[in-house]
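Novice: Structure supplied as entry.csv; contents: CSV, C-alpha atoms.
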```csv
chain,number,residue,atom,x,y,z
A,1,MET,CA,1.4,1.3,-11.8
A,2,ILE,CA,1.3,-2.5,-11.6
A,3,ILE,CA,4.3,-3.9,-9.8
A,4,LYS,CA,5.2,-7.2,-8.1
A,5,VAL,CA,6.2,-7.0,-4.4
A,6,ALA,CA,7.0,-9.3,-1.6
A,7,ILE,CA,3.9,-10.0,0.4
A,8,GLU,CA,6.0,-9.7,3.7
A,9,CYS,CA,6.7,-6.1,2.8
A,10,LEU,CA,3.0,-5.1,2.7
A,11,ARG,CA,1.3,-3.8,5.8
A,12,PRO,CA,-2.5,-4.3,6.0
A,13,ASN,CA,-4.5,-1.1,6.5
A,14,ASN,CA,-7.3,-3.2,8.0
A,15,TRP,CA,-7.0,-4.8,11.4
A,16,PHE,CA,-9.5,-7.6,10.8
A,17,LEU,CA,-10.8,-9.8,8.0
A,18,ASN,CA,-14.4,-10.6,7.2
A,19,LEU,CA,-14.8,-14.4,7.2
A,20,GLU,CA,-17.6,-14.3,4.5
A,21,LYS,CA,-15.4,-12.3,2.2
A,22,LEU,CA,-12.4,-14.4,3.0
A,23,GLU,CA,-14.3,-17.6,2.1
A,24,LYS,CA,-15.3,-16.1,-1.3
A,25,ILE,CA,-11.7,-15.3,-2.1
A,26,ARG,CA,-10.5,-18.7,-0.9
A,27,GLU,CA,-13.1,-20.2,-3.3
A,28,VAL,CA,-11.7,-18.3,-6.2
A,29,TRP,CA,-8.2,-19.5,-5.3
A,30,SER,CA,-9.4,-23.1,-4.9
A,31,LEU,CA,-10.7,-23.0,-8.5
A,32,GLY,CA,-7.4,-21.6,-9.7
A,33,GLN,CA,-9.1,-18.4,-10.9
A,34,GLN,CA,-7.2,-15.9,-8.8
A,35,SER,CA,-6.0,-14.1,-11.9
A,36,ILE,CA,-9.6,-12.7,-12.4
A,37,LEU,CA,-9.2,-10.7,-9.1
A,38,PRO,CA,-8.0,-7.1,-9.5
A,39,PRO,CA,-4.6,-6.4,-8.0
A,40,PRO,CA,-4.7,-4.9,-4.5
A,41,SER,CA,-4.3,-1.1,-4.3
A,42,VAL,CA,-1.1,-0.1,-2.4
A,43,SER,CA,0.3,3.2,-1.4
A,44,GLU,CA,3.5,4.3,0.3
A,45,ILE,CA,2.9,5.6,3.8
A,46,ASP,CA,5.9,6.6,6.0
A,47,GLY,CA,8.2,4.7,3.6
A,48,GLN,CA,6.3,1.5,3.9
A,49,LEU,CA,3.9,-0.1,1.5
A,50,ALA,CA,0.3,-0.1,2.9
A,51,ILE,CA,-2.5,-2.2,1.5
A,52,ILE,CA,-5.3,0.4,0.9
A,53,ASP,CA,-7.7,-2.1,-0.8
A,54,GLY,CA,-7.3,-5.8,-1.1
A,55,ASN,CA,-6.2,-6.9,2.3
A,56,THR,CA,-8.2,-10.2,1.9
A,57,ARG,CA,-6.8,-10.9,-1.5
A,58,VAL,CA,-3.2,-10.5,-0.1
A,59,TYR,CA,-4.0,-12.6,2.9
A,60,VAL,CA,-5.3,-15.5,0.7
A,61,ALA,CA,-2.3,-15.2,-1.5
A,62,TYR,CA,-0.1,-15.5,1.6
A,63,GLU,CA,-2.2,-18.5,2.8
A,64,ASN,CA,-1.6,-20.2,-0.5
A,65,GLY,CA,2.2,-19.9,-0.2
A,66,SER,CA,2.7,-16.9,-2.5
A,67,LYS,CA,5.8,-14.9,-1.7
A,68,GLU,CA,5.0,-12.1,-4.1
A,69,ILE,CA,1.9,-10.5,-5.5
A,70,GLU,CA,1.1,-8.0,-8.2
A,71,VAL,CA,-0.3,-4.8,-6.8
A,72,ASP,CA,-1.5,-1.5,-8.1
A,73,LEU,CA,0.9,1.1,-6.6
A,74,LYS,CA,-0.7,4.5,-6.5
A,75,PRO,CA,0.1,7.8,-4.7
A,76,LEU,CA,-2.1,8.0,-1.6
A,77,GLU,CA,-3.5,11.3,-2.8
A,78,ASP,CA,-4.7,9.7,-6.0
A,79,ILE,CA,-6.8,7.0,-4.2
A,80,ASP,CA,-9.6,9.1,-2.6
A,81,ASN,CA,-10.2,11.7,0.0
A,82,TYR,CA,-9.3,9.5,3.0
A,83,GLY,CA,-5.5,9.9,2.9
A,84,SER,CA,-5.2,11.2,6.5
A,85,PHE,CA,-7.5,8.3,7.6
A,86,TYR,CA,-5.3,5.7,5.9
A,87,LYS,CA,-2.2,7.3,7.5
A,88,LYS,CA,-3.8,7.1,10.9
A,89,ILE,CA,-4.7,3.5,10.5
A,90,HIS,CA,-1.2,2.7,9.2
A,91,ARG,CA,0.5,4.5,12.1
A,92,GLU,CA,-1.6,2.8,14.7
A,93,SER,CA,-1.3,-0.7,13.2
A,94,PRO,CA,1.9,-1.6,15.2
A,95,SER,CA,0.1,-0.8,18.5
A,96,GLN,CA,-2.5,-3.4,17.4
A,97,GLY,CA,0.2,-6.0,16.5
A,98,ILE,CA,-0.3,-5.5,12.8
A,99,PHE,CA,2.9,-5.4,10.8
A,100,ASN,CA,2.1,-7.7,7.8
A,101,VAL,CA,-0.7,-10.0,6.6
A,102,SER,CA,0.4,-12.9,8.7
A,103,ASP,CA,-0.7,-10.9,11.7
A,104,LEU,CA,-4.3,-11.1,10.5
A,105,SER,CA,-4.5,-14.9,11.0
A,106,ASP,CA,-6.2,-14.6,14.4
A,107,ARG,CA,-8.3,-11.6,13.4
A,108,ILE,CA,-10.8,-13.3,11.2
A,109,LEU,CA,-14.4,-12.3,12.2
A,110,GLU,CA,-17.9,-13.3,11.3
A,111,PRO,CA,-19.6,-10.6,9.2
A,112,LYS,CA,-21.6,-9.1,12.1
A,113,GLN,CA,-18.6,-9.0,14.4
A,114,TYR,CA,-16.6,-7.5,11.6
A,115,GLU,CA,-19.2,-4.8,11.2
A,116,VAL,CA,-19.1,-3.9,14.9
A,117,GLN,CA,-15.3,-4.2,15.5
A,118,TRP,CA,-13.9,-2.7,12.3
A,119,ILE,CA,-16.5,-0.7,10.4
A,120,GLU,CA,-17.8,1.0,13.5
A,121,LEU,CA,-14.3,1.8,14.6
A,122,CYS,CA,-13.5,3.3,11.2
A,123,GLU,CA,-16.6,5.4,11.3
A,124,SER,CA,-15.8,6.7,14.7
A,125,MET,CA,-12.2,7.5,13.6
A,126,LEU,CA,-13.6,9.5,10.6
A,127,LYS,CA,-15.7,11.8,12.8
```
Would you mind writing the file's structure down as structure tokens?
Specialist:
Amino acid sequence: MIIKVAIECLRPNNWFLNLEKLEKIREVWSLGQQSILPPPSVSEIDGQLAIIDGNTRVYVAYENGSKEIEVDLKPLEDIDNYGSFYKKIHRESPSQGIFNVSDLSDRILEPKQYEVQWIELCESMLK
């Protein structure tokens, strides 16, 4: 279900942003073509809205001064088989200082660093 929500109410389910991906999304916005991007996927976890897919899209909307964004709100169990993983990330985010997308401002990593710090962490958490 597509709904419009306040960006400040969305908690990232990713603790870092990939600079290469970020630059691509920034370019889309600089061309005024952000409407071609799919809405971020969001689920409710522990009574809060968690960004399941689209953390970078939400971050760039925030950077560009948007207060609201259209998202695709889905029950967590409808997204894929990683519901417990998403819950774990969501619940650990406050201990990492992650409450909303503005908290990602100083967590932008080069692709290789992103691979090591985020992807490898996620893979280890899934084992």
Novice: Show me, as a PDB file with C-alpha atoms, in the coordinates of the input, the residues that have an atom within 8 Å of range 18-32 of chain A when counting only C-alpha atoms, minus same-chain residues fewer than 6 positions from it.
Specialist:
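This is the output file out.pdb:
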```pdb
ATOM      1  CA  THR A  56      -8.200 -10.200   1.900  1.00  0.00           C
ATOM      2  CA  ARG A  57      -6.800 -10.900  -1.500  1.00  0.00           C
ATOM      3  CA  VAL A  60      -5.300 -15.500   0.700  1.00  0.00           C
ATOM      4  CA  ILE A 108     -10.800 -13.300  11.200  1.00  0.00           C
ATOM      5  CA  LEU A 109     -14.400 -12.300  12.200  1.00  0.00           C
ATOM      6  CA  GLU A 110     -17.900 -13.300  11.300  1.00  0.00           C
ATOM      7  CA  PRO A 111     -19.600 -10.600   9.200  1.00  0.00           C
ATOM      8  CA  TYR A 114     -16.600  -7.500  11.600  1.00  0.00           C
TER       9      TYR A 114
END
```
Novice: For CA of Ser66 in chain A and CA of Ala6 in chain A, determine how far apart the two atoms are, in Å to one decimal place.
Specialist: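 Atom-to-atom, CA of Ser66 in chain A and CA of Ala6 in chain A are spaced 8.8 Å apart.
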Novice: By how many Å are CA of Gly65 in chain A and CA of Lys4 in chain A apart?
Specialist: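 Pair CA of Gly65 in chain A / CA of Lys4 in chain A returns 15.3 Å.
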Novice: Measure the distance from CA of Glu8 in chain A to CA of Lys87 in chain A in Å and round it to one decimal.
Specialist: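 CA of Lys87 in chain A lies 19.3 Å from CA of Glu8 in chain A.
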Novice: Write out as a tab-separated table the residues of range 51-83 of chain A that have any atom within 8 Å of an atom of range 100-105 of chain A, one row each with the nearest atom pair and its distance in Å to one decimal, counting only C-alpha atoms, sorted by chain and then rising number.
Specialist:
```
residue	atom	partner	partner_atom	distance
A:Asn55	CA	A:Val101	CA	7.6
A:Val58	CA	A:Val101	CA	7.2
A:Tyr59	CA	A:Val101	CA	5.6
A:Tyr62	CA	A:Val101	CA	7.5
```
Novice: Between A:Arg107, A:Leu126, A:Glu120, A:Lys74, which is the closest to Ile51 in chain A once you count only C-alpha atoms?
Specialist: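 Nearest to Ile51 in chain A: A:Lys74.
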Novice: Contacts of Val5 in chain A at 7 Å or less, counting only C-alpha atoms, minus same-chain residues fewer than 3 places along, as a VMD selection string?
Specialist: chain A and resid 68 to 70
Novice: Identify, on the basis of only C-alpha atoms, every residue whose closest approach to Asp53 in chain A does not exceed 10 Å; exclude the query and any residue fewer than 6 positions from it along the same chain; express the result as a PyMOL selection string.
Specialist: chain A and resi 12-14+39-43+71-72+79
Novice: Could you write out that same residue set with C-alpha atoms as a compact mmCIF listing (two decimals), keeping the file's coordinate frame?
Specialist:
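Writing done, so here's part.txt:
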```
# COMPACT_ATOMS: atom_id res chain seq x y z
CA PRO A 12 -2.50 -4.30 6.00
CA ASN A 13 -4.50 -1.10 6.50
CA ASN A 14 -7.30 -3.20 8.00
CA PRO A 39 -4.60 -6.40 -8.00
CA PRO A 40 -4.70 -4.90 -4.50
CA SER A 41 -4.30 -1.10 -4.30
CA VAL A 42 -1.10 -0.10 -2.40
CA SER A 43 0.30 3.20 -1.40
CA VAL A 71 -0.30 -4.80 -6.80
CA ASP A 72 -1.50 -1.50 -8.10
CA ILE A 79 -6.80 7.00 -4.20
```
Novice: Just want the 9 Å neighbourhood of Ser93 in chain A, counted on only C-alpha atoms, with same-chain residues fewer than 2 positions away dropped. Output as a PyMOL selection string.
Specialist: chain A and resi 11-15+88-91+95-99
